[in-house]
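Undergrad: This structure is in structure tokens; I'll ask about it shortly.
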Amino acid sequence: MQQSDPFWASPIDHLAKVRPDVPTFYACPAVLQSVAREFIDGFDGLVTYAVKANADPLVLANLCAAGVTAFDVASPYEIDLVRANCPHAALHYHNPVRSRSEIAAGVAAGVTSWSVDCDVELSKLLDILPPHSEIAVRFKMSVSGAAYDFGAKYGADPETAVLLLQKVRDMGLIPSMTFHPGTQCDASGVWAQYIRACADIAARAGVTLRRLNVGGGFAANRLGISPDLYRIFREIDQAVDEGFGANRPELICEPGRALATEAFSLLVRVKAMDERCITLND
């Protein structure tokens with residue numbers, strides 16, 4: 001009996017030899033690692049993966065193998081997944097809304113960075129966190145250019161952000177800032193606008209930021225058009241220099257979709273097509 005090789009060089013190579021009649025899901029670890037290295041080599045700071053984008057162990061293990069050393073988690077479930085696949089990775093818990101039990105689970109797992117966007121969430125952390133923890137104040141502003149604006153969901157206004165930064169500093173914790181430009185953001189200059197606003201908020205608060213997390217939102221390949229990541233990286237770097245000068249913070253980004261999307265594809269068969277609709281086998 002001869003057993004066929006379950007691994008193929010690409011979906012095209014598979015289709016040249018097999019014509020599946022059922023929906024077929026493809027995963028390409030080489031593409032996943034290549035995109036990860038593009039971020040690691042091009043971004044002047046720490047690259048963290050937003051686990052919520054795709055929490056499959058294959059994704060986590062391959063990102064770790066490619067050199068990703070930090071992960072942004074949004075639940076104890078995601079914490080457990082990362083620890084099982086990348087046990088020594090740094091964990092950031094930048095979902096700004098957490099229950100006290102979720103915070104306790106993060107502390108027990110060694111989460112090193114947290115975010116807040118209001119007094120209530122800050123008070124929850126202050127009751128549990130060990131001294132000298134990093135807290136990033138999450139800021140929002142109205143900027144167009146993304147498929148979905150996360151500012152509609154999370155983030156403090158500038159005045160609240162100033163007060164939160166001062167409270168974090170006065171409590172002896174490490175003050176940082178974070179923002180999210182929005183899902184699938186490919187508009188030029190969005191990151192620069194956010195960065196300049198963060199620099200202004202930090203100056204008004206009289207706080208020197210340890211780190212600035214410029215979020216995710218990096219667009220993934222759509223309709224065969226790849227985003228110019230290096231252009232965005234250059235804009236980010238220039239805006240940080242111009243906004244912060246000698247007080248330049250360390251940088252973090254947390255791509256999710258942009259890291260994982262291009263490594264996966266779904267093959268479906270068109271069963272019927274007319275002027276009303278297309279019927280697929282999925």
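Going by the structure tokens order, chains are called A, B, ..., each with residues numbered from 1, while ligands are numbered from 1 in the order shown.
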Got a sec: who's within 8 Å of Gly110 in chain A, counting only C-alpha atoms, leaving out chain neighbours fewer than 2 positions off, as a list in words?
TA: Ala90, Leu91, Gly106, Val107, Ala108 and Thr112 of chain A
Undergrad: Got a sec: who's within 7 Å of range 189-201 of chain A, counting only C-alpha atoms, leaving out chain neighbours fewer than 4 positions off, as a PDB file with C-alpha atoms, in the first residue's frame?
TA:
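The resulting file, selection-v3.pdb, is reproduced below:
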```
ATOM      1  CA  VAL A 143      -9.504  59.326  12.068  1.00  0.00           C
ATOM      2  CA  PRO A 158      -7.505  63.225  25.351  1.00  0.00           C
ATOM      3  CA  VAL A 162      -3.958  62.920  30.528  1.00  0.00           C
ATOM      4  CA  PRO A 181      -5.893  52.942  14.139  1.00  0.00           C
ATOM      5  CA  ALA A 205       0.424  65.135  31.519  1.00  0.00           C
ATOM      6  CA  GLU A 235       5.950  57.045   8.662  1.00  0.00           C
ATOM      7  CA  ILE A 236       5.671  55.674  12.191  1.00  0.00           C
ATOM      8  CA  ALA A 239       6.340  60.683  13.453  1.00  0.00           C
ATOM      9  CA  VAL A 240       7.778  59.341  16.722  1.00  0.00           C
ATOM     10  CA  GLY A 243       6.581  64.142  18.148  1.00  0.00           C
ATOM     11  CA  PHE A 244       8.740  62.970  21.052  1.00  0.00           C
TER      12      PHE A 244
END
```
Undergrad: According to DSSP computed on the backbone, where in range 34-251 of chain A is there strand (DSSP E or B)? Give the residues as a ChimeraX atom specification.
TA: /A:46-50,70-72,90-93,113-116,134-139,148,156,174-178,183,185,211-213,218,222,225,250-251
Undergrad: For His132 in chain A, which residue among A:Ala272, A:Arg210, A:Met177, A:Ala156 is the nearest when counting only C-alpha atoms?
TA: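 For His132 in chain A, the nearest of the candidates is A:Arg210.
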Undergrad: For range 154-258 of chain A against range 42-48 of chain A, with a cut-off of 12 Å and counting only C-alpha atoms, what is the closest atom pair and its distance in Å to one decimal for every residue that makes the cut, ordered by chain and number, as a tab-separated table?
TA:
```
residue	atom	partner	partner_atom	distance
A:Arg211	CA	A:Gly45	CA	9.6
A:Leu212	CA	A:Gly45	CA	9.6
A:Asn213	CA	A:Leu46	CA	9.0
A:Val214	CA	A:Gly45	CA	10.1
A:Gly215	CA	A:Thr48	CA	9.4
A:Gly216	CA	A:Thr48	CA	9.3
A:Phe218	CA	A:Phe43	CA	11.9
A:Asp228	CA	A:Gly42	CA	11.1
A:Leu229	CA	A:Gly42	CA	8.0
A:Tyr230	CA	A:Gly42	CA	6.3
A:Arg231	CA	A:Gly42	CA	9.7
A:Ile232	CA	A:Phe43	CA	9.1
A:Phe233	CA	A:Phe43	CA	5.7
A:Arg234	CA	A:Phe43	CA	8.4
A:Glu235	CA	A:Phe43	CA	10.7
A:Ile236	CA	A:Phe43	CA	8.9
A:Asp237	CA	A:Asp44	CA	7.2
A:Gln238	CA	A:Asp44	CA	10.9
A:Val240	CA	A:Asp44	CA	10.8
A:Asp241	CA	A:Asp44	CA	11.9
A:Arg248	CA	A:Gly45	CA	11.9
A:Pro249	CA	A:Gly45	CA	9.9
A:Glu250	CA	A:Gly45	CA	6.5
A:Leu251	CA	A:Gly45	CA	4.6
A:Ile252	CA	A:Leu46	CA	4.7
A:Cys253	CA	A:Val47	CA	5.2
A:Glu254	CA	A:Thr48	CA	4.6
A:Pro255	CA	A:Thr48	CA	6.8
A:Gly256	CA	A:Thr48	CA	8.6
A:Ala258	CA	A:Thr48	CA	11.8
```
Undergrad: Could you give me, as a count of residues only, the residues within 9 Å of Cys118 in chain A, counting only C-alpha atoms and dropping anything in the same chain fewer than 4 positions from it?
TA: 10
Undergrad: Which of range 15-250 of chain A counts as alpha helix (DSSP H) under DSSP, as a PyMOL selection string please?
TA: chain A and resi 15-17+29-42+57-66+76-85+100-109+119-126+158-170+190-205+229-244
Undergrad: Could you tell me how far CA of Cys86 in chain A sits from CA of Ala30 in chain A, in Å to one decimal place?
TA: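 One can read the CA of Ala30 in chain A to CA of Cys86 in chain A distance as 18.1 Å.
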Undergrad: Nearest residue to Leu58 in chain A out of A:Cys28, A:Leu129, A:Ala219, A:Ala136, using only C-alpha atoms?
TA: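 For Leu58 in chain A, the nearest of the given residues is A:Cys28.
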Undergrad: Within 12 Å of Asn85 in chain A, counting only C-alpha atoms, which residues show up once you throw out same-chain ones fewer than 2 positions away? Write them as a PyMOL selection string, please.
TA: chain A and resi 55-65+69+71+78-83+87-89
